[in-house]
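A.B. asks: Pasting a structure below so you can have a look.
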Amino acid sequence: MECAVYQNAVFADPVTEIEEHLIVLIHTLISKQEQINALATIDHLTGLHNRRSFDILIETEINVIERNDGQIHLTLIDIDNFKKINDMYGHPAGDEMLKTCARILSDSTRKSDIVVRYGGDEFLIAASCPSTNLDAAEIIEKRIIDKLRVWNKKNAAAGIELSFSIGHSVLKKGFTLEAAIHEADQRMYENKRRKLLIQPQKRKKQTR
C-alpha cells in the first residue's frame with residue numbers, strides 16, 4: 001500500500017521528485033567535498049593546518065607582501081625531549097602532548113596567523129605584519145612562554161615539564177620562503193643547543 005501511494009505521488013509530479021533528489025544529492029556531494037578538503041589540509045591529531053595547507057596559504061600571504069611591501073614573521077617551534085616523553089609515558093601520552101602544544105600555540109596567536117603542524121613535533125607560525133611592526137615574532141614568543149609557564153605550573157604534580165626551542169626569521173620582499181624557513185630552523189637549533197650546554201652545568205651545581 002505504502003509503495004503504491006509513493007508511486008502515485010511520484011507519477012503525479014515526477015519532475016519535482018527528481019529535483020528534490022538532485023538537491024539532496026548536491027548537498028551530500030558538497031558536504032563530502034568539504035570533508036575531503038578538511039582531511040587534505042588539516043592535521044587530524046592537532047586540528048592545525050598541515051604542510052599542504054601551509055603551502056597554499058603562504059603563497060597568498062607572499063603575494064600580499066609583494067604588493068604592499070609588508071613582511072611575514074616566521075616562528076619555528078620544536079618540543080624539547082619529545083622522544084623521551086614518548087619512551088617514558090607511551091605514544092598516547094605523546095599525542096596528548098602534541099594536542100596541548102597545539103592549543104598553547106593557537107591561544108598565543110591571532111586569528112589571521114597561520115599555525116601549522118610542520119613535522120612530527122615541530123610547529124610553524126606565520127604572522128603577516130606591516131613593515132613597521134618589527135617585533136611581532138617576539139610578541140608571539142612571549143605569549144607562548146607565558147602560557148607554557150602557566151601549563152607547567154598547573155601540571156607540576158604529573159612530573160612532566162613542557163618546553164620549546166624557538167627560532168625566528170622575517171620573510172621580506174625579494175627573499176625566498178625556503179631561505180626564511182632555513183634561517184628560523186638554524187636559530188631554533190641554536191636555541192636548543194644552548195639549552196643542552198646549560199643543563200650539564202645545572203646538574204653539576206645540584207650534585208655539589
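All residue names refer to the C-alpha cells as shown: chains lettered A, B, ... in order, residues numbered from 1 in each chain, ligands numbered from 1 in order.
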As a list in words, please: the residues near Arg67 (chain A) (cut-off 12 Å, only C-alpha atoms, same-chain neighbours under 5 positions excluded).

C.D. replies: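 Close residues of Arg67 (chain A): Thr60, Glu61, Ile62, Pro130, Lys172, Lys173 and Gly174 of chain A.
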
A.B. asks: Could you pull out the residues in region 86-199 of chain A that DSSP calls strand (DSSP E or B) from the backbone, as a PyMOL selection string?

C.D. replies: chain A and resi 114-117+122-129+164-172

A.B. asks: Need to verify the contact set: region 87-104 of chain A, 6 Å, only C-alpha atoms, exclusion of same-chain residues closer than 3 positions in sequence. Can you return it as a VMD selection string?

C.D. replies: chain A and resid 46 84 107

A.B. asks: Convert the current residue selection to file output with all heavy atoms, as a PDB file, in the first residue's frame.

C.D. replies:
```pdb
ATOM      1  N   THR A  46      45.999  17.360  15.772  1.00  0.00           N
ATOM      2  CA  THR A  46      46.012  18.643  16.481  1.00  0.00           C
ATOM      3  C   THR A  46      44.946  19.620  16.018  1.00  0.00           C
ATOM      4  O   THR A  46      44.648  20.587  16.719  1.00  0.00           O
ATOM      5  CB  THR A  46      47.378  19.318  16.304  1.00  0.00           C
ATOM      6  OG1 THR A  46      47.584  19.603  14.903  1.00  0.00           O
ATOM      7  CG2 THR A  46      48.505  18.425  16.799  1.00  0.00           C
ATOM      8  N   LYS A  84      61.755  11.448  24.560  1.00  0.00           N
ATOM      9  CA  LYS A  84      61.816  10.967  25.934  1.00  0.00           C
ATOM     10  C   LYS A  84      60.413  10.822  26.517  1.00  0.00           C
ATOM     11  O   LYS A  84      60.124   9.861  27.240  1.00  0.00           O
ATOM     12  CB  LYS A  84      62.641  11.943  26.781  1.00  0.00           C
ATOM     13  CG  LYS A  84      62.866  11.495  28.202  1.00  0.00           C
ATOM     14  CD  LYS A  84      63.735  12.495  28.940  1.00  0.00           C
ATOM     15  CE  LYS A  84      63.925  12.074  30.400  1.00  0.00           C
ATOM     16  NZ  LYS A  84      64.763  13.051  31.135  1.00  0.00           N
ATOM     17  N   ASP A 107      46.318  29.568  21.116  1.00  0.00           N
ATOM     18  CA  ASP A 107      45.890  30.593  22.077  1.00  0.00           C
ATOM     19  C   ASP A 107      46.864  31.771  22.127  1.00  0.00           C
ATOM     20  O   ASP A 107      46.527  32.826  22.669  1.00  0.00           O
ATOM     21  CB  ASP A 107      45.756  29.988  23.475  1.00  0.00           C
ATOM     22  CG  ASP A 107      44.592  29.016  23.584  1.00  0.00           C
ATOM     23  OD1 ASP A 107      43.715  29.044  22.695  1.00  0.00           O
ATOM     24  OD2 ASP A 107      44.568  28.226  24.544  1.00  0.00           O
TER      25      ASP A 107
END
```

A.B. asks: Residues within 12 Å of Lys111 (chain A), please, as a ChimeraX atom specification. Count only C-alpha atoms; anything in the same chain fewer than 3 positions from it doesn't count.

C.D. replies: /A:105-108,114-115,125-128

A.B. asks: In terms of the shortest atom-to-atom distance over only C-alpha atoms, which of A:Leu177, A:Ile79, A:Ala156, A:Ile139 is closest to Tyr189 (chain A)?

C.D. replies: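 So, comparing all the options, the nearest one is A:Ile79.
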
A.B. asks: List as a list in words the protein and nucleic acid residues near Met188 (chain A), meaning an atom at most 6 Å away when only C-alpha atoms are counted, but skip any in the same chain fewer than 5 places from it.

C.D. replies: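 In the requested format, the answer is Ser165, Ile166 and Gly167 of chain A.
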
A.B. asks: Within region 66-201 of chain A, find each residue whose DSSP state, derived from the backbone, is alpha helix (DSSP H), and express the selection as a PyMOL selection string.

C.D. replies: chain A and resi 66-68+82-89+91-107+136-154+177-201

A.B. asks: What does the distance from CA of Leu48 (chain A) to CA of Val116 (chain A) come to in Å, to one decimal?

C.D. replies: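 Between CA of Leu48 (chain A) and CA of Val116 (chain A) the gap is 5.5 Å.
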
A.B. asks: Between CA of Asp113 (chain A) and CA of Asn81 (chain A), what is the distance in Å, rounded to a tenth?

C.D. replies: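 Separating CA of Asp113 (chain A) from CA of Asn81 (chain A) is a distance of 26.5 Å.
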